[in-house]
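Enquirer: Take a look at the following structure, please.
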Amino acid sequence: MKKALIIGAAGFVGNYLIDHIQKNCVWSIIVTKMKHEEIYNTDIDIRDLNILNYEEVETLITEVKPDYIFHLAAQSSVALSWEKPGLTVDVNIKGVLNVLDCIRKLDYKPAILLIGSGEEYGHVKKNEIPIGEDNTLRPGNIYAVTKACQNMIGSIYAKAYGMNVMMVRAFNHIGPNQIPVFVVPDFCKQIAEIEKGLRDPVLRVGNLEARRDFTDVRDVVRAYVLLIEKGKPGEVYNIGSGQSVSIKDILNKIISFSMTSVSIEVDPDKLRPIDVPIIEADITKLKECTGWSPNISLDTTLKETLDYWRTELNK
Ligand code: A2R
């Protein structure tokens, strides 16, 4: 039986990836988490791993020798990357280097999927939309710089050492259980709190003009599994819906799913030092390689995320 290792599985995407593999693949699953994290799943092999510790990485990979490695571990928040640039560089660059270099030295060829971000493209020009994988990268924040660097390191390891490393640039992915440092869960949580009378009916927002490409996390993990089997070594694949939507439209949709009326107030703390006006993926390469296309509508995801927060607040 093939073995899949998910590094950084205790986060938002990890749970969905575990669930997808358990339901759709005949693979054994080994997952890693940080010591302070919990994963509540009795059917999988759960290990503690800090990717900044090379010896820990080496011990685990030498023992497990997985066929597939999904590298999810990251400092994944753009907002936090402004506050903690050093940590973001360490985890997102040195961490991935530890994993790749360990595998290079072990001299075996697992398929490795590195998760990058649509943020890597940064300041995209109007005539570059939708953004193809060969577009110039002009990252606009520290998180995006580290993911661009991860991507380049992956590409070097694939070319120089013949390793089976594939890179994805995942655009914004959303769904229930995402922490509210991201815009959709932030809005949904605030609305659920207002509905419950836990706060004044004032929704605090950041830049509503920015346009982003949102995909349900369940569609995203389906693409990850397809790519790790069908993707070509050294190649980069965009994963997104192929459509951008403004944050204002997202907000209006969520408000329309609510039974409350709210006023909007701009919160300077939610504005970024530099924001990228529009990000929208060209997903032709992914579609051609895997046949993937998104199945879950934006409305469904937003409704389920709002319901998730209503349920959380009732616990
Ligand atoms: O930061 P924590 O304590 O929540 O742990 C995160 C974990 N992580 C690490 N794992 C091993 N060694 C480290 N030094 C280390 N630092 C952080 O990676 C968390 O459990 C996991 C990443 O999960 P999230 O932050 O929830 O990211 P998400 O949304 O699951 O995204 C997965 C990937 C990331 O590479 C994103 O940058 C990309 O998709 O969009």
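Here, A, B, ... name the chains of the structure tokens in the order displayed, residue numbers run from 1 inside each chain, and ligands are numbered from 1 in the same displayed order.
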So that I can check the surroundings of region 59-64 of chain A, please list as a VMD selection string every protein, DNA and RNA residue that reaches within 12 Å of it, counting only C-alpha atoms and ignoring chain neighbours fewer than 5 positions away.
Expert: chain A and resid 2 to 7 28 to 32 45 to 51 53 to 54 69 98 to 110
Enquirer: For C-alpha atoms, I'd like the residues from the last selection saved as a PDB file, in the first residue's frame.
Expert:
```
ATOM      1  CA  LYS A   2       1.280   3.490  -0.868  1.00  0.00           C
ATOM      2  CA  LYS A   3       2.125   5.775   2.030  1.00  0.00           C
ATOM      3  CA  ALA A   4       1.192   9.460   2.147  1.00  0.00           C
ATOM      4  CA  LEU A   5       2.906  11.835   4.560  1.00  0.00           C
ATOM      5  CA  ILE A   6       1.156  15.133   5.301  1.00  0.00           C
ATOM      6  CA  ILE A   7       3.528  17.614   6.936  1.00  0.00           C
ATOM      7  CA  SER A  28      -1.870   4.655   4.542  1.00  0.00           C
ATOM      8  CA  ILE A  29      -1.612   8.119   6.056  1.00  0.00           C
ATOM      9  CA  ILE A  30       1.072   9.491   8.352  1.00  0.00           C
ATOM     10  CA  VAL A  31       0.613  13.086   9.470  1.00  0.00           C
ATOM     11  CA  THR A  32       2.685  15.577  11.403  1.00  0.00           C
ATOM     12  CA  ASP A  45      -0.475   7.672  12.403  1.00  0.00           C
ATOM     13  CA  ILE A  46       0.183  11.068  14.043  1.00  0.00           C
ATOM     14  CA  ARG A  47       3.711  12.353  14.768  1.00  0.00           C
ATOM     15  CA  ASP A  48       5.132  15.546  16.240  1.00  0.00           C
ATOM     16  CA  LEU A  49       7.468  17.402  13.898  1.00  0.00           C
ATOM     17  CA  ASN A  50       9.052  20.830  13.819  1.00  0.00           C
ATOM     18  CA  ILE A  51      10.399  21.252  10.291  1.00  0.00           C
ATOM     19  CA  ASN A  53      14.717  20.780  13.310  1.00  0.00           C
ATOM     20  CA  TYR A  54      16.618  18.893  10.584  1.00  0.00           C
ATOM     21  CA  ILE A  69       4.631  13.990   0.647  1.00  0.00           C
ATOM     22  CA  ASN A  98      15.170  20.837   5.452  1.00  0.00           C
ATOM     23  CA  VAL A  99      12.555  18.534   3.933  1.00  0.00           C
ATOM     24  CA  LEU A 100      13.926  18.649   0.375  1.00  0.00           C
ATOM     25  CA  ASP A 101      17.552  18.321   1.369  1.00  0.00           C
ATOM     26  CA  CYS A 102      16.810  15.384   3.633  1.00  0.00           C
ATOM     27  CA  ILE A 103      15.113  13.570   0.749  1.00  0.00           C
ATOM     28  CA  ARG A 104      17.982  14.424  -1.609  1.00  0.00           C
ATOM     29  CA  LYS A 105      20.464  12.845   0.817  1.00  0.00           C
ATOM     30  CA  LEU A 106      18.291   9.751   1.311  1.00  0.00           C
ATOM     31  CA  ASP A 107      18.462   9.219  -2.439  1.00  0.00           C
ATOM     32  CA  TYR A 108      14.926   7.994  -3.056  1.00  0.00           C
ATOM     33  CA  LYS A 109      12.216   9.594  -5.186  1.00  0.00           C
ATOM     34  CA  PRO A 110       8.896  10.262  -3.466  1.00  0.00           C
TER      35      PRO A 110
END
```
Enquirer: At a cut-off of 7 Å around ligand 1, and using only C-alpha atoms and all ligand atoms, what residues come up? Please write them as a PyMOL selection string.
Expert: chain A and resi 7-14+33-34+37+49-52+71-77+91+95+115-117+170
Enquirer: Identify which of the residues A:Asn295, A:Ser244, A:Asn127, A:Asn135 lies closest to Arg222 (chain A), counting only C-alpha atoms when measuring atom-to-atom distances.
Expert: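 Among the listed residues, the smallest separation from Arg222 (chain A) belongs to A:Asn295.
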Enquirer: If you run DSSP on this backbone, which residues of region 28-198 of chain A come out as alpha helix (DSSP H), and could you give them as a PDB file with N, CA, C and O atoms, in the first residue's frame?
Expert:
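Below you can see part_24.pdb, which holds the result:
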```pdb
ATOM      1  N   TYR A  54      16.245  19.809  11.672  1.00  0.00           N
ATOM      2  CA  TYR A  54      16.618  18.893  10.584  1.00  0.00           C
ATOM      3  C   TYR A  54      16.650  17.441  11.069  1.00  0.00           C
ATOM      4  O   TYR A  54      16.212  16.532  10.349  1.00  0.00           O
ATOM      5  N   GLU A  55      17.155  17.227  12.291  1.00  0.00           N
ATOM      6  CA  GLU A  55      17.259  15.842  12.781  1.00  0.00           C
ATOM      7  C   GLU A  55      15.874  15.196  12.882  1.00  0.00           C
ATOM      8  O   GLU A  55      15.693  14.031  12.551  1.00  0.00           O
ATOM      9  N   GLU A  56      14.902  15.998  13.334  1.00  0.00           N
ATOM     10  CA  GLU A  56      13.528  15.457  13.436  1.00  0.00           C
ATOM     11  C   GLU A  56      12.991  15.079  12.053  1.00  0.00           C
ATOM     12  O   GLU A  56      12.356  14.046  11.879  1.00  0.00           O
ATOM     13  N   VAL A  57      13.270  15.931  11.081  1.00  0.00           N
ATOM     14  CA  VAL A  57      12.795  15.668   9.717  1.00  0.00           C
ATOM     15  C   VAL A  57      13.440  14.381   9.208  1.00  0.00           C
ATOM     16  O   VAL A  57      12.780  13.481   8.674  1.00  0.00           O
ATOM     17  N   GLU A  58      14.742  14.278   9.407  1.00  0.00           N
ATOM     18  CA  GLU A  58      15.492  13.127   8.904  1.00  0.00           C
ATOM     19  C   GLU A  58      15.025  11.823   9.554  1.00  0.00           C
ATOM     20  O   GLU A  58      14.812  10.809   8.878  1.00  0.00           O
ATOM     21  N   THR A  59      14.833  11.867  10.870  1.00  0.00           N
ATOM     22  CA  THR A  59      14.394  10.654  11.578  1.00  0.00           C
ATOM     23  C   THR A  59      13.053  10.180  11.032  1.00  0.00           C
ATOM     24  O   THR A  59      12.857   8.993  10.743  1.00  0.00           O
ATOM     25  N   LEU A  60      12.128  11.117  10.872  1.00  0.00           N
ATOM     26  CA  LEU A  60      10.784  10.743  10.413  1.00  0.00           C
ATOM     27  C   LEU A  60      10.811  10.193   8.988  1.00  0.00           C
ATOM     28  O   LEU A  60      10.258   9.121   8.704  1.00  0.00           O
ATOM     29  N   ILE A  61      11.474  10.906   8.093  1.00  0.00           N
ATOM     30  CA  ILE A  61      11.412  10.484   6.681  1.00  0.00           C
ATOM     31  C   ILE A  61      12.183   9.188   6.468  1.00  0.00           C
ATOM     32  O   ILE A  61      11.759   8.313   5.714  1.00  0.00           O
ATOM     33  N   THR A  62      13.293   9.028   7.173  1.00  0.00           N
ATOM     34  CA  THR A  62      14.057   7.777   7.063  1.00  0.00           C
ATOM     35  C   THR A  62      13.204   6.599   7.515  1.00  0.00           C
ATOM     36  O   THR A  62      13.201   5.534   6.899  1.00  0.00           O
ATOM     37  N   GLU A  63      12.460   6.795   8.590  1.00  0.00           N
ATOM     38  CA  GLU A  63      11.636   5.694   9.104  1.00  0.00           C
ATOM     39  C   GLU A  63      10.441   5.408   8.199  1.00  0.00           C
ATOM     40  O   GLU A  63      10.161   4.263   7.859  1.00  0.00           O
ATOM     41  N   VAL A  64       9.748   6.469   7.783  1.00  0.00           N
ATOM     42  CA  VAL A  64       8.468   6.288   7.080  1.00  0.00           C
ATOM     43  C   VAL A  64       8.664   6.012   5.587  1.00  0.00           C
ATOM     44  O   VAL A  64       7.925   5.247   4.984  1.00  0.00           O
ATOM     45  N   VAL A  78      -0.698  36.140   5.798  1.00  0.00           N
ATOM     46  CA  VAL A  78      -0.070  37.362   5.267  1.00  0.00           C
ATOM     47  C   VAL A  78       0.029  38.404   6.382  1.00  0.00           C
ATOM     48  O   VAL A  78       1.075  39.041   6.575  1.00  0.00           O
ATOM     49  N   ALA A  79      -1.061  38.576   7.131  1.00  0.00           N
ATOM     50  CA  ALA A  79      -1.089  39.593   8.195  1.00  0.00           C
ATOM     51  C   ALA A  79       0.041  39.346   9.200  1.00  0.00           C
ATOM     52  O   ALA A  79       0.788  40.266   9.565  1.00  0.00           O
ATOM     53  N   LEU A  80       0.201  38.075   9.626  1.00  0.00           N
ATOM     54  CA  LEU A  80       1.246  37.755  10.614  1.00  0.00           C
ATOM     55  C   LEU A  80       2.646  37.914  10.027  1.00  0.00           C
ATOM     56  O   LEU A  80       3.604  38.212  10.744  1.00  0.00           O
ATOM     57  N   SER A  81       2.747  37.757   8.710  1.00  0.00           N
ATOM     58  CA  SER A  81       4.082  37.869   8.099  1.00  0.00           C
ATOM     59  C   SER A  81       4.624  39.293   8.188  1.00  0.00           C
ATOM     60  O   SER A  81       5.829  39.506   8.168  1.00  0.00           O
ATOM     61  N   TRP A  82       3.737  40.290   8.294  1.00  0.00           N
ATOM     62  CA  TRP A  82       4.209  41.668   8.515  1.00  0.00           C
ATOM     63  C   TRP A  82       4.741  41.831   9.933  1.00  0.00           C
ATOM     64  O   TRP A  82       5.702  42.552  10.181  1.00  0.00           O
ATOM     65  N   GLU A  83       4.096  41.117  10.868  1.00  0.00           N
ATOM     66  CA  GLU A  83       4.515  41.237  12.280  1.00  0.00           C
ATOM     67  C   GLU A  83       5.700  40.339  12.594  1.00  0.00           C
ATOM     68  O   GLU A  83       6.528  40.663  13.433  1.00  0.00           O
ATOM     69  N   PRO A  85       8.250  38.696  10.325  1.00  0.00           N
ATOM     70  CA  PRO A  85       8.916  38.332   9.069  1.00  0.00           C
ATOM     71  C   PRO A  85       9.976  37.248   9.262  1.00  0.00           C
ATOM     72  O   PRO A  85      10.138  36.373   8.409  1.00  0.00           O
ATOM     73  N   GLY A  86      10.686  37.298  10.380  1.00  0.00           N
ATOM     74  CA  GLY A  86      11.763  36.322  10.614  1.00  0.00           C
ATOM     75  C   GLY A  86      11.206  34.920  10.736  1.00  0.00           C
ATOM     76  O   GLY A  86      11.709  33.970  10.117  1.00  0.00           O
ATOM     77  N   LEU A  87      10.155  34.766  11.509  1.00  0.00           N
ATOM     78  CA  LEU A  87       9.526  33.452  11.672  1.00  0.00           C
ATOM     79  C   LEU A  87       8.993  32.946  10.327  1.00  0.00           C
ATOM     80  O   LEU A  87       9.144  31.775   9.972  1.00  0.00           O
ATOM     81  N   THR A  88       8.409  33.862   9.558  1.00  0.00           N
ATOM     82  CA  THR A  88       7.834  33.478   8.263  1.00  0.00           C
ATOM     83  C   THR A  88       8.931  32.979   7.316  1.00  0.00           C
ATOM     84  O   THR A  88       8.765  31.955   6.642  1.00  0.00           O
ATOM     85  N   VAL A  89      10.051  33.682   7.296  1.00  0.00           N
ATOM     86  CA  VAL A  89      11.186  33.252   6.461  1.00  0.00           C
ATOM     87  C   VAL A  89      11.718  31.900   6.947  1.00  0.00           C
ATOM     88  O   VAL A  89      11.970  30.986   6.159  1.00  0.00           O
ATOM     89  N   GLY A  95      12.409  25.715   6.458  1.00  0.00           N
ATOM     90  CA  GLY A  95      11.647  24.483   6.729  1.00  0.00           C
ATOM     91  C   GLY A  95      11.566  23.605   5.496  1.00  0.00           C
ATOM     92  O   GLY A  95      11.832  22.406   5.545  1.00  0.00           O
ATOM     93  N   VAL A  96      11.218  24.203   4.378  1.00  0.00           N
ATOM     94  CA  VAL A  96      11.074  23.391   3.161  1.00  0.00           C
ATOM     95  C   VAL A  96      12.435  22.883   2.695  1.00  0.00           C
ATOM     96  O   VAL A  96      12.560  21.762   2.189  1.00  0.00           O
ATOM     97  N   LEU A  97      13.454  23.684   2.902  1.00  0.00           N
ATOM     98  CA  LEU A  97      14.803  23.261   2.541  1.00  0.00           C
ATOM     99  C   LEU A  97      15.214  22.021   3.348  1.00  0.00           C
ATOM    100  O   LEU A  97      15.805  21.078   2.807  1.00  0.00           O
ATOM    101  N   ASN A  98      14.872  22.015   4.621  1.00  0.00           N
ATOM    102  CA  ASN A  98      15.170  20.837   5.452  1.00  0.00           C
ATOM    103  C   ASN A  98      14.530  19.581   4.867  1.00  0.00           C
ATOM    104  O   ASN A  98      15.163  18.528   4.773  1.00  0.00           O
ATOM    105  N   VAL A  99      13.272  19.703   4.460  1.00  0.00           N
ATOM    106  CA  VAL A  99      12.555  18.534   3.933  1.00  0.00           C
ATOM    107  C   VAL A  99      13.188  18.079   2.615  1.00  0.00           C
ATOM    108  O   VAL A  99      13.517  16.899   2.431  1.00  0.00           O
ATOM    109  N   LEU A 100      13.398  19.021   1.700  1.00  0.00           N
ATOM    110  CA  LEU A 100      13.926  18.649   0.375  1.00  0.00           C
ATOM    111  C   LEU A 100      15.350  18.110   0.477  1.00  0.00           C
ATOM    112  O   LEU A 100      15.708  17.133  -0.187  1.00  0.00           O
ATOM    113  N   ASP A 101      16.158  18.750   1.306  1.00  0.00           N
ATOM    114  CA  ASP A 101      17.552  18.321   1.369  1.00  0.00           C
ATOM    115  C   ASP A 101      17.688  16.955   2.036  1.00  0.00           C
ATOM    116  O   ASP A 101      18.543  16.151   1.663  1.00  0.00           O
ATOM    117  N   CYS A 102      16.815  16.698   2.990  1.00  0.00           N
ATOM    118  CA  CYS A 102      16.810  15.384   3.633  1.00  0.00           C
ATOM    119  C   CYS A 102      16.495  14.310   2.594  1.00  0.00           C
ATOM    120  O   CYS A 102      17.177  13.290   2.521  1.00  0.00           O
ATOM    121  N   ILE A 103      15.504  14.567   1.763  1.00  0.00           N
ATOM    122  CA  ILE A 103      15.113  13.570   0.749  1.00  0.00           C
ATOM    123  C   ILE A 103      16.231  13.415  -0.290  1.00  0.00           C
ATOM    124  O   ILE A 103      16.540  12.308  -0.736  1.00  0.00           O
ATOM    125  N   ARG A 104      16.846  14.509  -0.668  1.00  0.00           N
ATOM    126  CA  ARG A 104      17.982  14.424  -1.609  1.00  0.00           C
ATOM    127  C   ARG A 104      19.062  13.486  -1.058  1.00  0.00           C
ATOM    128  O   ARG A 104      19.540  12.600  -1.754  1.00  0.00           O
ATOM    129  N   LYS A 105      19.385  13.653   0.235  1.00  0.00           N
ATOM    130  CA  LYS A 105      20.464  12.845   0.817  1.00  0.00           C
ATOM    131  C   LYS A 105      20.053  11.386   0.950  1.00  0.00           C
ATOM    132  O   LYS A 105      20.892  10.496   0.886  1.00  0.00           O
ATOM    133  N   LEU A 106      18.741  11.145   1.161  1.00  0.00           N
ATOM    134  CA  LEU A 106      18.291   9.751   1.311  1.00  0.00           C
ATOM    135  C   LEU A 106      18.256   9.032  -0.034  1.00  0.00           C
ATOM    136  O   LEU A 106      18.140   7.811  -0.091  1.00  0.00           O
ATOM    137  N   ILE A 142       5.676  39.867   2.744  1.00  0.00           N
ATOM    138  CA  ILE A 142       6.736  38.936   3.174  1.00  0.00           C
ATOM    139  C   ILE A 142       6.311  37.474   2.967  1.00  0.00           C
ATOM    140  O   ILE A 142       7.092  36.641   2.518  1.00  0.00           O
ATOM    141  N   TYR A 143       5.059  37.170   3.284  1.00  0.00           N
ATOM    142  CA  TYR A 143       4.558  35.802   3.091  1.00  0.00           C
ATOM    143  C   TYR A 143       4.752  35.389   1.631  1.00  0.00           C
ATOM    144  O   TYR A 143       5.262  34.310   1.330  1.00  0.00           O
ATOM    145  N   ALA A 144       4.350  36.274   0.714  1.00  0.00           N
ATOM    146  CA  ALA A 144       4.422  35.959  -0.710  1.00  0.00           C
ATOM    147  C   ALA A 144       5.873  35.754  -1.153  1.00  0.00           C
ATOM    148  O   ALA A 144       6.164  34.859  -1.961  1.00  0.00           O
ATOM    149  N   VAL A 145       6.776  36.570  -0.625  1.00  0.00           N
ATOM    150  CA  VAL A 145       8.205  36.415  -0.958  1.00  0.00           C
ATOM    151  C   VAL A 145       8.689  35.031  -0.539  1.00  0.00           C
ATOM    152  O   VAL A 145       9.384  34.340  -1.294  1.00  0.00           O
ATOM    153  N   THR A 146       8.295  34.604   0.664  1.00  0.00           N
ATOM    154  CA  THR A 146       8.790  33.303   1.143  1.00  0.00           C
ATOM    155  C   THR A 146       8.224  32.161   0.303  1.00  0.00           C
ATOM    156  O   THR A 146       8.900  31.176   0.042  1.00  0.00           O
ATOM    157  N   LYS A 147       6.969  32.305  -0.136  1.00  0.00           N
ATOM    158  CA  LYS A 147       6.370  31.238  -0.947  1.00  0.00           C
ATOM    159  C   LYS A 147       6.991  31.209  -2.348  1.00  0.00           C
ATOM    160  O   LYS A 147       7.177  30.140  -2.930  1.00  0.00           O
ATOM    161  N   ALA A 148       7.319  32.389  -2.885  1.00  0.00           N
ATOM    162  CA  ALA A 148       8.000  32.431  -4.189  1.00  0.00           C
ATOM    163  C   ALA A 148       9.361  31.746  -4.065  1.00  0.00           C
ATOM    164  O   ALA A 148       9.795  30.995  -4.957  1.00  0.00           O
ATOM    165  N   CYS A 149      10.013  31.988  -2.956  1.00  0.00           N
ATOM    166  CA  CYS A 149      11.335  31.409  -2.725  1.00  0.00           C
ATOM    167  C   CYS A 149      11.224  29.890  -2.567  1.00  0.00           C
ATOM    168  O   CYS A 149      12.016  29.135  -3.149  1.00  0.00           O
ATOM    169  N   GLN A 150      10.225  29.434  -1.820  1.00  0.00           N
ATOM    170  CA  GLN A 150       9.985  27.989  -1.672  1.00  0.00           C
ATOM    171  C   GLN A 150       9.823  27.335  -3.047  1.00  0.00           C
ATOM    172  O   GLN A 150      10.397  26.289  -3.344  1.00  0.00           O
ATOM    173  N   ASN A 151       9.047  28.015  -3.875  1.00  0.00           N
ATOM    174  CA  ASN A 151       8.776  27.524  -5.216  1.00  0.00           C
ATOM    175  C   ASN A 151      10.075  27.393  -6.033  1.00  0.00           C
ATOM    176  O   ASN A 151      10.326  26.379  -6.704  1.00  0.00           O
ATOM    177  N   MET A 152      10.915  28.427  -5.943  1.00  0.00           N
ATOM    178  CA  MET A 152      12.171  28.411  -6.703  1.00  0.00           C
ATOM    179  C   MET A 152      13.100  27.318  -6.185  1.00  0.00           C
ATOM    180  O   MET A 152      13.780  26.643  -6.965  1.00  0.00           O
ATOM    181  N   ILE A 153      13.117  27.140  -4.872  1.00  0.00           N
ATOM    182  CA  ILE A 153      13.964  26.080  -4.298  1.00  0.00           C
ATOM    183  C   ILE A 153      13.463  24.712  -4.789  1.00  0.00           C
ATOM    184  O   ILE A 153      14.252  23.851  -5.193  1.00  0.00           O
ATOM    185  N   GLY A 154      12.151  24.535  -4.803  1.00  0.00           N
ATOM    186  CA  GLY A 154      11.575  23.272  -5.283  1.00  0.00           C
ATOM    187  C   GLY A 154      11.971  23.003  -6.717  1.00  0.00           C
ATOM    188  O   GLY A 154      12.354  21.879  -7.094  1.00  0.00           O
ATOM    189  N   SER A 155      11.913  24.048  -7.521  1.00  0.00           N
ATOM    190  CA  SER A 155      12.248  23.906  -8.933  1.00  0.00           C
ATOM    191  C   SER A 155      13.727  23.527  -9.116  1.00  0.00           C
ATOM    192  O   SER A 155      14.083  22.672  -9.940  1.00  0.00           O
ATOM    193  N   ILE A 156      14.590  24.143  -8.315  1.00  0.00           N
ATOM    194  CA  ILE A 156      16.026  23.816  -8.379  1.00  0.00           C
ATOM    195  C   ILE A 156      16.265  22.353  -7.989  1.00  0.00           C
ATOM    196  O   ILE A 156      17.016  21.639  -8.657  1.00  0.00           O
ATOM    197  N   TYR A 157      15.611  21.900  -6.929  1.00  0.00           N
ATOM    198  CA  TYR A 157      15.811  20.509  -6.494  1.00  0.00           C
ATOM    199  C   TYR A 157      15.306  19.526  -7.547  1.00  0.00           C
ATOM    200  O   TYR A 157      15.892  18.466  -7.743  1.00  0.00           O
ATOM    201  N   ALA A 158      14.212  19.893  -8.226  1.00  0.00           N
ATOM    202  CA  ALA A 158      13.699  19.006  -9.286  1.00  0.00           C
ATOM    203  C   ALA A 158      14.703  18.933 -10.437  1.00  0.00           C
ATOM    204  O   ALA A 158      15.029  17.846 -10.929  1.00  0.00           O
ATOM    205  N   LYS A 159      15.220  20.104 -10.839  1.00  0.00           N
ATOM    206  CA  LYS A 159      16.126  20.133 -12.007  1.00  0.00           C
ATOM    207  C   LYS A 159      17.501  19.559 -11.676  1.00  0.00           C
ATOM    208  O   LYS A 159      18.053  18.754 -12.413  1.00  0.00           O
ATOM    209  N   ALA A 160      18.050  20.015 -10.546  1.00  0.00           N
ATOM    210  CA  ALA A 160      19.434  19.655 -10.240  1.00  0.00           C
ATOM    211  C   ALA A 160      19.577  18.193  -9.822  1.00  0.00           C
ATOM    212  O   ALA A 160      20.574  17.556 -10.142  1.00  0.00           O
ATOM    213  N   TYR A 161      18.584  17.675  -9.100  1.00  0.00           N
ATOM    214  CA  TYR A 161      18.732  16.334  -8.524  1.00  0.00           C
ATOM    215  C   TYR A 161      17.720  15.330  -9.075  1.00  0.00           C
ATOM    216  O   TYR A 161      17.614  14.217  -8.553  1.00  0.00           O
ATOM    217  N   VAL A 183     -10.119  36.708   5.621  1.00  0.00           N
ATOM    218  CA  VAL A 183     -11.241  37.640   5.470  1.00  0.00           C
ATOM    219  C   VAL A 183     -12.609  36.964   5.560  1.00  0.00           C
ATOM    220  O   VAL A 183     -13.505  37.466   6.271  1.00  0.00           O
ATOM    221  N   VAL A 184     -12.801  35.824   4.911  1.00  0.00           N
ATOM    222  CA  VAL A 184     -14.140  35.220   4.910  1.00  0.00           C
ATOM    223  C   VAL A 184     -14.553  34.745   6.309  1.00  0.00           C
ATOM    224  O   VAL A 184     -15.635  35.114   6.788  1.00  0.00           O
ATOM    225  N   PRO A 185     -13.704  33.952   6.992  1.00  0.00           N
ATOM    226  CA  PRO A 185     -14.118  33.576   8.347  1.00  0.00           C
ATOM    227  C   PRO A 185     -14.243  34.776   9.284  1.00  0.00           C
ATOM    228  O   PRO A 185     -15.089  34.774  10.188  1.00  0.00           O
ATOM    229  N   ASP A 186     -13.426  35.811   9.057  1.00  0.00           N
ATOM    230  CA  ASP A 186     -13.535  37.020   9.882  1.00  0.00           C
ATOM    231  C   ASP A 186     -14.930  37.637   9.726  1.00  0.00           C
ATOM    232  O   ASP A 186     -15.613  37.917  10.718  1.00  0.00           O
ATOM    233  N   PHE A 187     -15.367  37.829   8.488  1.00  0.00           N
ATOM    234  CA  PHE A 187     -16.698  38.407   8.257  1.00  0.00           C
ATOM    235  C   PHE A 187     -17.792  37.495   8.832  1.00  0.00           C
ATOM    236  O   PHE A 187     -18.731  37.960   9.480  1.00  0.00           O
ATOM    237  N   CYS A 188     -17.685  36.193   8.559  1.00  0.00           N
ATOM    238  CA  CYS A 188     -18.727  35.261   9.023  1.00  0.00           C
ATOM    239  C   CYS A 188     -18.813  35.245  10.545  1.00  0.00           C
ATOM    240  O   CYS A 188     -19.908  35.232  11.120  1.00  0.00           O
ATOM    241  N   LYS A 189     -17.657  35.274  11.194  1.00  0.00           N
ATOM    242  CA  LYS A 189     -17.651  35.258  12.668  1.00  0.00           C
ATOM    243  C   LYS A 189     -18.298  36.534  13.205  1.00  0.00           C
ATOM    244  O   LYS A 189     -19.119  36.488  14.123  1.00  0.00           O
ATOM    245  N   GLN A 190     -17.915  37.668  12.618  1.00  0.00           N
ATOM    246  CA  GLN A 190     -18.502  38.935  13.088  1.00  0.00           C
ATOM    247  C   GLN A 190     -20.032  38.932  12.919  1.00  0.00           C
ATOM    248  O   GLN A 190     -20.756  39.341  13.815  1.00  0.00           O
ATOM    249  N   ILE A 191     -20.498  38.456  11.762  1.00  0.00           N
ATOM    250  CA  ILE A 191     -21.949  38.433  11.517  1.00  0.00           C
ATOM    251  C   ILE A 191     -22.636  37.501  12.512  1.00  0.00           C
ATOM    252  O   ILE A 191     -23.695  37.836  13.080  1.00  0.00           O
ATOM    253  N   ALA A 192     -22.047  36.328  12.730  1.00  0.00           N
ATOM    254  CA  ALA A 192     -22.651  35.379  13.677  1.00  0.00           C
ATOM    255  C   ALA A 192     -22.698  35.996  15.083  1.00  0.00           C
ATOM    256  O   ALA A 192     -23.675  35.804  15.815  1.00  0.00           O
ATOM    257  N   GLU A 193     -21.661  36.749  15.446  1.00  0.00           N
ATOM    258  CA  GLU A 193     -21.650  37.411  16.772  1.00  0.00           C
ATOM    259  C   GLU A 193     -22.733  38.480  16.849  1.00  0.00           C
ATOM    260  O   GLU A 193     -23.393  38.633  17.878  1.00  0.00           O
ATOM    261  N   ILE A 194     -22.903  39.228  15.754  1.00  0.00           N
ATOM    262  CA  ILE A 194     -23.938  40.275  15.730  1.00  0.00           C
ATOM    263  C   ILE A 194     -25.323  39.622  15.844  1.00  0.00           C
ATOM    264  O   ILE A 194     -26.166  40.054  16.633  1.00  0.00           O
ATOM    265  N   GLU A 195     -25.530  38.533  15.077  1.00  0.00           N
ATOM    266  CA  GLU A 195     -26.826  37.824  15.134  1.00  0.00           C
ATOM    267  C   GLU A 195     -27.138  37.383  16.561  1.00  0.00           C
ATOM    268  O   GLU A 195     -28.274  37.406  17.003  1.00  0.00           O
TER     269      GLU A 195
END
```
Enquirer: Could you name the residues that touch region 264-268 of chain A at 10 Å or less, counting only C-alpha atoms, but leaving out those on the same chain fewer than 3 positions away, as a PyMOL selection string?
Expert: chain A and resi 201-208+251+271-272
Enquirer: Provide the CA of Asp219 (chain A) to CA of Ile21 (chain A) distance in Å, to one decimal place.
Expert: 12.7 Å
Enquirer: How would you write, as a list of chain:residue names, the set of residues in region 93-176 of chain A that DSSP gives as strand (DSSP E)?
Expert: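 Written out, the strand (DSSP E) residues of region 93-176 of chain A are A:Ala111, A:Ile112, A:Leu113, A:Leu114, A:Ile115, A:Gly116, A:Ser117, A:Asn164, A:Val165, A:Met166, A:Met167, A:Val168, A:Arg169, A:Ala170, A:His173, A:Ile174.
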Enquirer: Can you measure CA of Val220 (chain A) to CA of Ile254 (chain A) for me? One decimal in Å is fine.
Expert: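 Going from CA of Val220 (chain A) over to CA of Ile254 (chain A), I get 21.4 Å.
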Enquirer: When you count only C-alpha atoms, which of these residues is closest to Ile44 (chain A): A:Asp19, A:Asp249, A:Asp67, A:Asp134?
Expert: A:Asp19
Enquirer: Please determine, counting only C-alpha atoms, which residue among A:Arg169, A:Arg310, A:Arg138, A:His20 has the shortest atom-to-atom distance to Glu235 (chain A).
Expert: A:Arg169
Enquirer: Which is closer to Gly291 (chain A) than all the others in A:Lys253, A:Lys230, A:Lys270, A:Lys303, using only C-alpha atoms?
Expert: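 Of the candidates, the smallest distance to Gly291 (chain A) is held by A:Lys230.
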Enquirer: Could you state the separation of CA of Leu286 (chain A) and CA of Asn238 (chain A) in Å, given to one decimal place?
Expert: 6.6 Å
Enquirer: If we count only C-alpha atoms, what is near Pro294 (chain A) at a cut-off of 7 Å, once residues fewer than 2 positions away on the same chain are taken out, given as a list of chain:residue names?
Expert: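 Selected residues are A:Asp219, A:Ser241, A:Trp292, A:Ile296.
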